[in-house]
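Undergrad: Below is the structure I would like to discuss, written out as structure tokens.
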Amino acid sequence: MIAIEQRFPRPSVMGVVNVTPDSFFDGGVSLRPEDAITSARRMVDEGAAIVDVGGESTRPGSEGVSAGEELRRVVPVLEGLAGLPVSIDTSKAEVARRALALGAELVNDVTALRGDPGLAEVVAEAGAYLCLMHMRGEPRTMQADPRYDDVAAEVAGFLEERLAFAVAAGIPEERICLDPGIGFGKTAEQNFELVRRLDVLLALGRPVLVGFSRKSSLGRILGDAEATTGSLSASLAAAVAAYERGVTILRVHDVRETVEALAVAQAVGG
Ligand code: HH2
């Protein structure tokens with residue numbers, strides 16, 4: 001069994017492929033399977049270690065979709081990506097099971113195994129990699145006045161508990177990475193603090209994945225209080241800052257640019 005830190009050396013890039021009409025940044029761009037497949041293939045050519053295929057938006061305010069609709073969106077894309085490194089962005093056991101059968105190697109669950117009681121068993125039986133992400137509340141309401149006494153400690157405490165849950169459910173620790181969940185029930189300042197204090201999360205001993213790409217905090221820090229997205233240049237700065245603080249996997253929309261930025265950061269780091 002290859003540990004997740006061997007499969008994904010630091011830094012590795014995860015390319016985002018949203019097969020949705022309503023994702024916060026690229027909604028509708030890859031809704032047709034052939035467009036999603038083309039986009040995912042390009043990301044792999046550009047240096048993505050894996051592409052994360054999702055059929056449900058989790059943007060602030062979103063409602064969620066049924067398993068049937070999620071499957072209808074992602075299955076043709078997964079079939080078209082056979083043989084390529086794929087992750088499935090889902091919290092539903094049924095969707096994950098199908099995706100793993102079609103060759104996905106990682107399950108990216110933004111609910112950290114709280115959304116569907118059947119998901120842990122699906123991941124364990126398939127021997128898949130797993131990403132556990134922190135989210136306060138649910139997408140529909142999560143941005144309504146999030147408060148923490150100590151955001152880094154609370155996120156780490158949550159992920160420590162979810163990691164223990166996953167391991168108890170039969171998923172080996174070596175196959176799991178952790179994610180502070182940038183933008184999932186956090187203010188802009190809390191998002192930046194989570195990256196600044198990444199050492200608190202790294203102390204749990206698992207590789208960390210961060211998805212800051214294009215998120216609204218990047219637009220807000222540049223002075224637009226109503227921003228719903230961030231620019232490419234701001235996303236690259238966030239990726240490099242996260243990498244320099246110890247992040248292993250960067251989940252991004254702009255693969256080529258991020259791979260280039262990280263190559264320079266890595267060269268400087270030696
Ligand atoms: N962010 C989004 C979705 N899934 N998964 C992980 N592990 N970490 C993240 O930060 C993360 C995630 C939101 O981004 P995106 O997929 O582009 O948007 P949407 O949820 O609107 O489809």
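Ordering of the structure tokens sets the chain letters (A, B, ...), residue numbers begin anew at 1 in every chain, and ligands are numbered from 1 in the order given.
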Need to verify the contact set: A:Met133, 8 Å, only C-alpha atoms, exclusion of same-chain residues closer than 4 positions in sequence. Can you return it as a PDB file with N, CA, C and O atoms, in the first residue's frame?

TA:
ATOM      1  N   ASP A 109     -14.172  14.404   0.749  1.00  0.00           N
ATOM      2  CA  ASP A 109     -15.470  14.586   1.408  1.00  0.00           C
ATOM      3  C   ASP A 109     -15.453  15.848   2.265  1.00  0.00           C
ATOM      4  O   ASP A 109     -14.845  15.874   3.345  1.00  0.00           O
ATOM      5  N   VAL A 110     -16.166  16.869   1.812  1.00  0.00           N
ATOM      6  CA  VAL A 110     -16.177  18.144   2.548  1.00  0.00           C
ATOM      7  C   VAL A 110     -16.919  18.034   3.887  1.00  0.00           C
ATOM      8  O   VAL A 110     -16.838  18.942   4.705  1.00  0.00           O
ATOM      9  N   THR A 111     -17.624  16.926   4.123  1.00  0.00           N
ATOM     10  CA  THR A 111     -18.289  16.748   5.416  1.00  0.00           C
ATOM     11  C   THR A 111     -17.458  15.909   6.385  1.00  0.00           C
ATOM     12  O   THR A 111     -17.877  15.676   7.517  1.00  0.00           O
ATOM     13  N   ALA A 112     -16.297  15.447   5.937  1.00  0.00           N
ATOM     14  CA  ALA A 112     -15.414  14.643   6.806  1.00  0.00           C
ATOM     15  C   ALA A 112     -16.149  13.438   7.418  1.00  0.00           C
ATOM     16  O   ALA A 112     -16.068  13.184   8.619  1.00  0.00           O
ATOM     17  N   LEU A 159     -10.555  18.018  13.188  1.00  0.00           N
ATOM     18  CA  LEU A 159      -9.945  17.075  12.242  1.00  0.00           C
ATOM     19  C   LEU A 159      -9.302  15.892  12.967  1.00  0.00           C
ATOM     20  O   LEU A 159      -9.314  14.764  12.458  1.00  0.00           O
ATOM     21  N   LEU A 178      -5.701  15.836   5.491  1.00  0.00           N
ATOM     22  CA  LEU A 178      -6.594  16.745   6.220  1.00  0.00           C
ATOM     23  C   LEU A 178      -6.637  18.100   5.546  1.00  0.00           C
ATOM     24  O   LEU A 178      -5.655  18.529   4.924  1.00  0.00           O
ATOM     25  N   ASP A 179      -7.767  18.809   5.703  1.00  0.00           N
ATOM     26  CA  ASP A 179      -7.961  20.081   5.006  1.00  0.00           C
ATOM     27  C   ASP A 179      -8.709  21.046   5.931  1.00  0.00           C
ATOM     28  O   ASP A 179      -9.786  20.690   6.444  1.00  0.00           O
ATOM     29  N   PRO A 180      -8.155  22.252   6.150  1.00  0.00           N
ATOM     30  CA  PRO A 180      -8.838  23.206   7.043  1.00  0.00           C
ATOM     31  C   PRO A 180     -10.129  23.760   6.458  1.00  0.00           C
ATOM     32  O   PRO A 180     -10.901  24.392   7.186  1.00  0.00           O
ATOM     33  N   GLY A 181     -10.420  23.535   5.179  1.00  0.00           N
ATOM     34  CA  GLY A 181     -11.694  23.966   4.611  1.00  0.00           C
ATOM     35  C   GLY A 181     -11.798  25.475   4.466  1.00  0.00           C
ATOM     36  O   GLY A 181     -12.661  26.126   5.070  1.00  0.00           O
TER      37      GLY A 181
END

Undergrad: Could you name the residues that touch A:Lys215 at 9 Å or less, counting only C-alpha atoms, but leaving out those on the same chain fewer than 4 positions away, as a list in words?

TA: Phe24, Phe25, Ile182, Gly183, Gly211, Gly219, Ala227, Thr228, Thr229, Gly230, Ser231 and Ser235 of chain A

Undergrad: Looking only at the backbone, which of the residues in stretch 111-200 of chain A does DSSP tag as strand (DSSP E), as a ChimeraX atom specification?

TA: /A:129-133,176-179

Undergrad: Mind giving me the straight-line distance from atom CA of A:Gly270 to atom CA of A:Val252 in Å, one decimal?

TA: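 So the two atoms, atom CA of A:Gly270 and atom CA of A:Val252, lie 23.4 Å apart.
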
Undergrad: Identify, counting only C-alpha atoms and all ligand atoms, the protein, DNA and RNA residues located within 9 Å of ligand 1, and give them as a PyMOL selection string.

TA: chain A and resi 16-27+52-60+62+89-90+108-110+131-134+139+178-184+209-215+250-253

Undergrad: Could you check which of A:Gly47, A:Pro11, A:Gly115, A:Gly83 is closest to A:Thr248, using only C-alpha atoms?

TA: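 Closest to A:Thr248 of all the choices is A:Pro11.
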
Undergrad: Pick the closest to A:Ala99 from A:Glu63, A:Glu79, A:Glu257, A:Asp45: which is it, counting only C-alpha atoms?

TA: A:Glu79

Undergrad: Rounded to one decimal in Å, what is the spacing between atom CA of A:Arg162 and atom CA of A:Leu106?

TA: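 We find that atom CA of A:Arg162 and atom CA of A:Leu106 lie 16.8 Å from each other.
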
Undergrad: Calculated over only C-alpha atoms, which of the candidates A:Ala234, A:Leu81, A:Ala67, A:Pro9 has the smallest distance to A:Pro33?

TA: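 Result for the nearest residue to A:Pro33: A:Leu81.
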
Undergrad: Report the residues of stretch 219-263 of chain A whose backbone DSSP state falls under alpha helix (DSSP H), written as a ChimeraX atom specification.

TA: /A:219-220,232-244,255-263

Undergrad: Which polymer residues have any atom within 7 Å of an atom of A:Gly80, counting only C-alpha atoms, with same-chain residues fewer than 3 positions away left out, as number ranges by chain?

TA: A: 37, 76-77

Undergrad: Can you build me a table of stretch 113-170 of chain A residues sitting at most 8 Å from stretch 194-207 of chain A, with the closest atom pair per residue and its distance in Å to one decimal, using only C-alpha atoms, sorted by chain and residue number, as CSV?

TA:
residue,atom,partner,partner_atom,distance
A:Val151,CA,A:Leu194,CA,7.1
A:Ala152,CA,A:Leu194,CA,5.6
A:Ala153,CA,A:Val200,CA,6.7
A:Val155,CA,A:Leu201,CA,7.9
A:Ala156,CA,A:Leu201,CA,5.3
A:Glu160,CA,A:Leu204,CA,6.8

Undergrad: Restricted to all heavy atoms, what would the selected residues look like written as a compact mmCIF listing (two decimals), in the first residue's frame?

TA:
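Now in result-v2.txt:
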# COMPACT_ATOMS: atom_id res chain seq x y z
N VAL A 151 -9.39 29.74 16.01
CA VAL A 151 -9.82 29.01 14.81
C VAL A 151 -8.88 27.84 14.49
O VAL A 151 -9.35 26.74 14.16
CB VAL A 151 -10.01 29.97 13.61
CG1 VAL A 151 -8.70 30.53 13.09
CG2 VAL A 151 -10.79 29.29 12.50
N ALA A 152 -7.57 28.05 14.61
CA ALA A 152 -6.63 26.97 14.25
C ALA A 152 -6.79 25.78 15.20
O ALA A 152 -6.83 24.62 14.76
CB ALA A 152 -5.20 27.50 14.28
N ALA A 153 -6.90 26.06 16.49
CA ALA A 153 -7.03 24.98 17.47
C ALA A 153 -8.37 24.24 17.29
O ALA A 153 -8.42 23.00 17.40
CB ALA A 153 -6.92 25.53 18.89
N VAL A 155 -10.23 23.98 14.50
CA VAL A 155 -10.21 23.20 13.26
C VAL A 155 -9.36 21.95 13.45
O VAL A 155 -9.75 20.85 13.06
CB VAL A 155 -9.70 24.07 12.09
CG1 VAL A 155 -9.36 23.22 10.87
CG2 VAL A 155 -10.76 25.13 11.72
N ALA A 156 -8.21 22.10 14.10
CA ALA A 156 -7.34 20.94 14.33
C ALA A 156 -8.03 19.92 15.24
O ALA A 156 -7.94 18.71 15.00
CB ALA A 156 -6.00 21.39 14.93
N GLU A 160 -8.78 16.13 14.14
CA GLU A 160 -8.21 15.04 14.94
C GLU A 160 -9.31 14.02 15.27
O GLU A 160 -9.11 12.81 15.16
CB GLU A 160 -7.60 15.60 16.22
CG GLU A 160 -6.90 14.55 17.06
CD GLU A 160 -6.19 15.18 18.25
OE1 GLU A 160 -6.60 16.27 18.71
OE2 GLU A 160 -5.21 14.56 18.73

Undergrad: Work out how far atom CA of A:Arg10 is from atom CA of A:Ile249, in Å to one decimal.

TA: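 Straight-line distance from atom CA of A:Ile249 to atom CA of A:Arg10 works out to 6.8 Å.
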
Undergrad: Find the spatial neighbours of A:Ala48, counting only C-alpha atoms, within a cut-off of 9 Å - ignore same-chain residues fewer than 3 positions away - and output them as a list in words.

TA: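 The filter keeps Ser12, Val13, Met14, Gly15, Arg42, Met43, Val44, Asp45, Val51, Pro85, Val255, Arg256 and Val259 of chain A.
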
Undergrad: Would you please work out which residue, of A:Thr258, A:Ser87, A:Ser217, A:Thr187, is nearest to A:Ala104 when using only C-alpha atoms?

TA: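 Looking only at the distances to A:Ala104, the closest residue turns out to be A:Ser87.
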
Undergrad: Counting only C-alpha atoms, what is within 12 Å of A:Glu125, bar same-chain residues fewer than 6 positions away, as a compact mmCIF listing (two decimals) with N, CA, C and O atoms, in the first residue's frame?

TA:
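What follows is the written file around.txt:
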# COMPACT_ATOMS: atom_id res chain seq x y z
N ALA A 93 -22.14 8.13 -0.30
CA ALA A 93 -21.57 6.79 -0.47
C ALA A 93 -21.85 6.24 -1.87
O ALA A 93 -20.97 5.65 -2.50
N ALA A 96 -19.58 7.91 -4.40
CA ALA A 96 -18.20 7.48 -4.19
C ALA A 96 -18.00 6.05 -4.69
O ALA A 96 -17.00 5.74 -5.36
N ARG A 97 -18.95 5.16 -4.38
CA ARG A 97 -18.83 3.75 -4.79
C ARG A 97 -18.70 3.64 -6.30
O ARG A 97 -17.83 2.95 -6.83
N LEU A 100 -15.31 5.10 -7.51
CA LEU A 100 -14.17 4.22 -7.22
C LEU A 100 -14.16 3.03 -8.17
O LEU A 100 -13.12 2.61 -8.65
N ALA A 101 -15.37 2.52 -8.48
CA ALA A 101 -15.46 1.41 -9.44
C ALA A 101 -14.98 1.86 -10.83
O ALA A 101 -14.47 1.05 -11.60
N GLY A 118 -22.77 5.76 5.26
CA GLY A 118 -22.23 4.64 4.51
C GLY A 118 -20.89 4.93 3.83
O GLY A 118 -20.26 4.02 3.28
N LEU A 119 -20.44 6.16 3.89
CA LEU A 119 -19.26 6.52 3.08
C LEU A 119 -17.96 5.89 3.62
O LEU A 119 -17.12 5.45 2.83
N ALA A 169 -13.08 3.29 11.58
CA ALA A 169 -13.97 2.69 10.58
C ALA A 169 -13.19 1.83 9.58
O ALA A 169 -13.77 1.33 8.61
N GLY A 170 -11.88 1.69 9.79
CA GLY A 170 -11.09 0.78 8.96
C GLY A 170 -10.32 1.43 7.83
O GLY A 170 -9.81 0.74 6.94
N ILE A 171 -10.22 2.76 7.84
CA ILE A 171 -9.44 3.45 6.80
C ILE A 171 -8.06 3.74 7.39
O ILE A 171 -7.95 4.46 8.38
N PRO A 172 -7.00 3.16 6.80
CA PRO A 172 -5.68 3.35 7.40
C PRO A 172 -5.28 4.83 7.40
O PRO A 172 -5.51 5.56 6.43
